[in-house]
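Trainee: Contents are compact mmCIF, C-alpha atoms; file name protein-v2.txt:
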```txt
# COMPACT_ATOMS: atom_id res chain seq x y z
CA MET A 1 -79.40 -10.27 -90.08
CA ALA A 2 -76.97 -9.19 -87.40
CA LYS A 3 -76.75 -12.74 -86.19
CA LYS A 4 -75.82 -13.99 -89.65
CA GLY A 5 -72.95 -11.46 -89.94
CA ALA A 6 -71.69 -12.38 -86.47
CA LYS A 7 -71.81 -16.06 -87.39
CA SER A 8 -69.72 -15.52 -90.53
CA LEU A 9 -67.20 -13.45 -88.54
CA PHE A 10 -66.98 -16.27 -86.02
CA SER A 11 -66.40 -18.77 -88.83
CA LEU A 12 -63.67 -16.62 -90.32
CA SER A 13 -61.87 -16.26 -86.97
CA THR A 14 -62.18 -20.01 -86.36
CA LEU A 15 -60.76 -20.68 -89.80
CA LEU A 16 -57.85 -18.27 -89.28
CA ALA A 17 -57.10 -19.69 -85.82
CA SER A 18 -56.97 -23.24 -87.14
CA PHE A 19 -54.80 -22.12 -90.06
CA PHE A 20 -52.30 -20.36 -87.78
CA GLY A 21 -52.35 -23.28 -85.36
CA SER A 22 -51.53 -25.68 -88.19
CA ALA A 23 -48.81 -23.34 -89.44
CA MET A 24 -47.20 -23.22 -86.00
CA VAL A 25 -47.23 -27.01 -85.68
CA ALA A 26 -45.69 -27.35 -89.16
CA ALA A 27 -43.01 -24.76 -88.33
CA ALA A 28 -42.14 -26.54 -85.08
CA PHE A 29 -41.91 -29.88 -86.89
CA ALA A 30 -39.69 -28.40 -89.63
CA TYR A 31 -37.40 -26.78 -87.06
CA TYR A 32 -37.11 -30.05 -85.11
CA ASN A 33 -36.23 -31.95 -88.28
CA TYR A 34 -33.66 -29.31 -89.22
CA LYS A 35 -31.99 -29.41 -85.79
CA PHE A 36 -32.02 -33.21 -85.77
CA SER A 37 -30.44 -33.43 -89.21
CA GLU A 38 -27.81 -30.82 -88.37
CA TYR A 39 -25.70 -33.44 -86.60
CA LYS A 40 -24.82 -36.58 -88.53
CA PHE A 41 -24.44 -40.24 -87.64
CA ILE A 42 -21.54 -42.58 -88.33
CA ASP A 43 -21.90 -46.35 -88.23
CA PHE A 44 -18.52 -48.03 -87.95
CA ASN A 45 -20.00 -51.19 -89.51
CA GLU A 46 -20.78 -49.25 -92.70
CA LEU A 47 -17.74 -46.95 -92.82
CA VAL A 48 -14.83 -49.27 -92.14
CA PHE A 49 -11.65 -47.76 -90.72
CA TYR A 50 -8.40 -49.57 -89.98
CA GLU A 51 -5.90 -49.30 -87.13
CA GLN A 52 -2.69 -50.30 -88.86
CA LYS A 53 -3.90 -53.71 -90.13
CA ALA A 54 -6.91 -54.45 -87.90
CA ILE A 55 -10.47 -53.21 -88.43
CA PHE A 56 -11.37 -50.53 -85.89
CA LYS A 57 -14.16 -51.48 -83.47
CA PRO A 58 -15.22 -48.62 -81.18
CA ASN A 59 -15.55 -49.36 -77.48
CA ALA A 60 -15.72 -45.93 -75.75
CA GLU A 61 -18.92 -43.97 -75.17
CA LYS A 62 -17.46 -40.73 -76.56
CA TYR A 63 -14.63 -39.87 -78.91
CA ILE A 64 -12.94 -36.75 -80.16
CA VAL A 65 -12.59 -37.05 -83.92
CA VAL A 66 -9.68 -35.18 -85.47
CA PHE A 67 -9.49 -35.10 -89.25
CA TYR A 68 -5.95 -34.07 -90.18
CA SER A 69 -3.26 -34.21 -92.83
CA SER A 70 -0.16 -36.25 -92.07
CA ARG A 71 1.73 -34.17 -94.64
CA ALA A 72 1.75 -31.23 -92.22
CA THR A 73 4.85 -31.21 -90.03
CA ASN A 74 4.74 -33.29 -86.81
CA THR A 75 0.96 -33.79 -86.81
CA ALA A 76 1.07 -37.49 -85.96
CA GLN A 77 3.54 -36.83 -83.11
CA LEU A 78 1.42 -33.99 -81.72
CA LEU A 79 -1.70 -36.16 -81.82
CA ALA A 80 0.09 -39.14 -80.27
CA ASN A 81 1.36 -36.98 -77.39
CA THR A 82 -2.00 -35.30 -76.72
CA ASP A 83 -3.69 -36.60 -73.58
CA LEU A 84 -7.29 -35.48 -73.07
CA ASN A 85 -10.32 -36.64 -71.06
CA PHE A 86 -11.68 -38.50 -74.10
CA PRO A 87 -9.99 -40.90 -76.52
CA ILE A 88 -9.00 -39.38 -79.86
CA LEU A 89 -9.80 -40.89 -83.25
CA ALA A 90 -7.25 -39.37 -85.63
CA ILE A 91 -8.33 -39.80 -89.26
CA ASP A 92 -5.62 -38.99 -91.77
CA TYR A 93 -6.50 -37.42 -95.09
CA TYR A 94 -3.57 -39.27 -96.72
CA ASN A 95 -4.35 -42.63 -95.02
CA GLU A 96 -0.87 -43.12 -93.57
CA SER A 97 -0.46 -45.85 -90.99
CA PHE A 98 0.77 -44.74 -87.55
CA LYS A 99 1.18 -46.60 -84.28
CA ASN A 100 -1.56 -45.89 -81.73
CA SER A 101 -0.66 -44.14 -78.51
CA LYS A 102 -2.26 -44.31 -75.06
CA SER A 103 -5.09 -41.91 -75.89
CA THR A 104 -4.97 -41.61 -79.70
CA THR A 105 -6.14 -44.18 -82.22
CA PHE A 106 -4.89 -43.51 -85.75
CA LEU A 107 -7.41 -44.55 -88.38
CA ARG A 108 -7.23 -44.92 -92.13
CA SER A 109 -9.55 -46.22 -94.81
CA GLY A 110 -9.98 -46.56 -98.52
CA THR A 111 -10.70 -43.62 -100.79
CA LYS A 112 -14.42 -44.38 -101.02
CA ASN A 113 -14.87 -44.42 -97.23
CA SER A 114 -12.74 -41.31 -96.82
CA LEU A 115 -14.88 -39.43 -99.33
CA LEU A 116 -18.10 -40.66 -97.69
CA PHE A 117 -16.79 -39.51 -94.30
CA ILE A 118 -15.78 -36.07 -95.64
CA GLN A 119 -19.12 -35.60 -97.40
CA ARG A 120 -21.26 -36.84 -94.50
CA PHE A 121 -19.67 -34.43 -92.03
CA ASN A 122 -19.08 -31.61 -94.54
CA ILE A 123 -15.41 -31.27 -93.69
CA TYR A 124 -13.75 -28.46 -95.62
CA GLU A 125 -10.67 -27.71 -93.50
CA SER A 126 -7.79 -29.67 -92.07
CA PRO A 127 -7.26 -30.14 -89.17
CA SER A 128 -10.88 -30.27 -88.00
CA ILE A 129 -12.31 -31.54 -84.74
CA PHE A 130 -15.68 -32.70 -83.42
CA PHE A 131 -17.14 -35.01 -80.78
CA ILE A 132 -19.15 -38.17 -81.35
CA LYS A 133 -21.09 -40.19 -78.78
CA ARG A 134 -22.48 -43.69 -78.87
CA SER A 135 -26.10 -44.07 -79.91
CA LYS A 136 -26.17 -47.88 -80.32
CA ASP A 137 -23.43 -50.51 -80.59
CA THR A 138 -21.31 -49.15 -83.47
CA LEU A 139 -23.61 -46.22 -84.32
CA TYR A 140 -22.31 -42.86 -83.14
CA LYS A 141 -23.90 -39.42 -83.39
CA GLN A 142 -22.05 -36.18 -83.88
CA ASP A 143 -22.16 -34.34 -80.55
CA SER A 144 -20.64 -30.95 -81.41
CA MET A 145 -20.09 -28.57 -84.26
CA ILE A 146 -17.15 -29.21 -86.53
CA ARG A 147 -14.42 -26.71 -85.78
CA LYS A 148 -11.24 -25.94 -87.63
CA LEU A 149 -8.02 -25.95 -85.67
CA ASP A 150 -5.41 -23.40 -86.60
CA ASN A 151 -2.85 -25.84 -85.29
CA LEU A 152 -2.90 -29.04 -83.30
CA LYS A 153 -1.14 -27.44 -80.32
CA GLU A 154 -4.41 -25.67 -79.44
CA LEU A 155 -6.34 -28.96 -79.33
CA SER A 156 -6.39 -29.30 -75.53
CA SER A 157 -7.55 -25.71 -74.99
CA LEU A 158 -10.32 -26.09 -77.57
CA VAL A 159 -11.54 -29.36 -76.05
CA ASP A 160 -11.65 -27.75 -72.59
CA SER A 161 -13.87 -24.94 -73.96
CA LEU A 162 -16.34 -27.43 -75.51
```
Since I need it in another form, could you write the structure as structure tokens?
Mentor:
Amino acid sequence: MAKKGAKSLFSLSTLLASFFGSAMVAAAFAYYNYKFSEYKFIDFNELVFYEQKAIFKPNAEKYIVVFYSSRATNTAQLLANTDLNFPILAIDYYNESFKNSKSTTFLRSGTKNSLLFIQRFNIYESPSIFFIKRSKDTLYKQDSMIRKLDNLKELSSLVDSL
């Protein structure tokens, strides 16, 4: 009779071990999926942006994306005069057309694309900044958290800290 009790205890411990093992695998999978979905993708073939009159085609491996409002004083000038290690994609909330500078490409799009962009990246503040890096051809993946800038003059110091 002692053997039968020991056998049922062994079965219970085996059952609990397999349950906890399965739970740990499920938790690891859920965490991985959460971390992977935390950063979003942008495909420039699906979300079409324009540089003045031409369709924007990305060619750099990494970009700094700045979502800003051209209605704020001197924002386009500050962005045009900013020179960083990475090219800047400046996306205007009001879709104004500005001339590109050496390191800054000013983008605009239609209302539908602007809303899709804002929703995809959960942008709530302006100006906001984040990095993207190339995944495939025109597919880019968000490479940093989205941060709010208090003003565009602090852009170079924030980029250096990232």
Trainee: Compare A:Lys99, A:Arg71, A:Lys136, A:Lys112 by their minimum atom-to-atom distance to Pro58 (chain A), counting only C-alpha atoms, and give me the closest one.
Mentor: A:Lys136
Trainee: Between A:Tyr63, A:Tyr140, A:Tyr93, A:Phe106, which has the minimum distance to Tyr124 (chain A) (counting all atoms listed in the file)?
Mentor: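 The closest residue to Tyr124 (chain A) is A:Tyr93.
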Trainee: Taking only C-alpha atoms into account, name the residue in A:Leu89, A:Ile123, A:Leu107, A:Ile129 that is nearest to Ala54 (chain A).
Mentor: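 The closest residue to Ala54 (chain A) is A:Leu107.
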Trainee: Which residue, A:Ser13, A:Gln52, A:Ser109, A:Ser135, has the smallest gap to Lys40 (chain A) when you use all atoms listed in the file?
Mentor: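 Result for the nearest residue to Lys40 (chain A): A:Ser135.
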Trainee: Of the candidates A:Phe20, A:Phe117, A:Phe131, A:Tyr94, which one gets nearest to Glu46 (chain A) if we count only C-alpha atoms?
Mentor: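 For Glu46 (chain A), the nearest of the candidates is A:Phe117.
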Trainee: Hey, can you check how far CA of Tyr39 (chain A) sits from CA of Leu149 (chain A)?
Mentor: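 That distance, rounded to one decimal, is 19.2 Å.
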Trainee: Return the single residue from A:Phe41, A:Phe19, A:Phe130, A:Phe29 that is closest to Leu116 (chain A), with distances computed using only C-alpha atoms.
Mentor: A:Phe41
Trainee: Residues within 12 Å of Asn100 (chain A), please, as number ranges by chain. Count all atoms listed in the file; anything in the same chain fewer than 6 positions from it doesn't count.
Mentor: A: 50-54, 56, 76-77, 79-82, 87-91, 106-108
Trainee: For Ser69 (chain A), please output as a list in words all residues within 8 Å (counting all atoms listed in the file; exclusion window: fewer than 3 positions along the same chain).
Mentor: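 Residues near the query, excluding close chain neighbours: Ala72, Thr75, Asp92, Tyr93, Tyr94, Ser126 and Pro127 of chain A.
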Trainee: Just give me the gap between CA of Ile132 (chain A) and CA of Lys62 (chain A) in Å, one decimal is fine.
Mentor: 5.7 Å
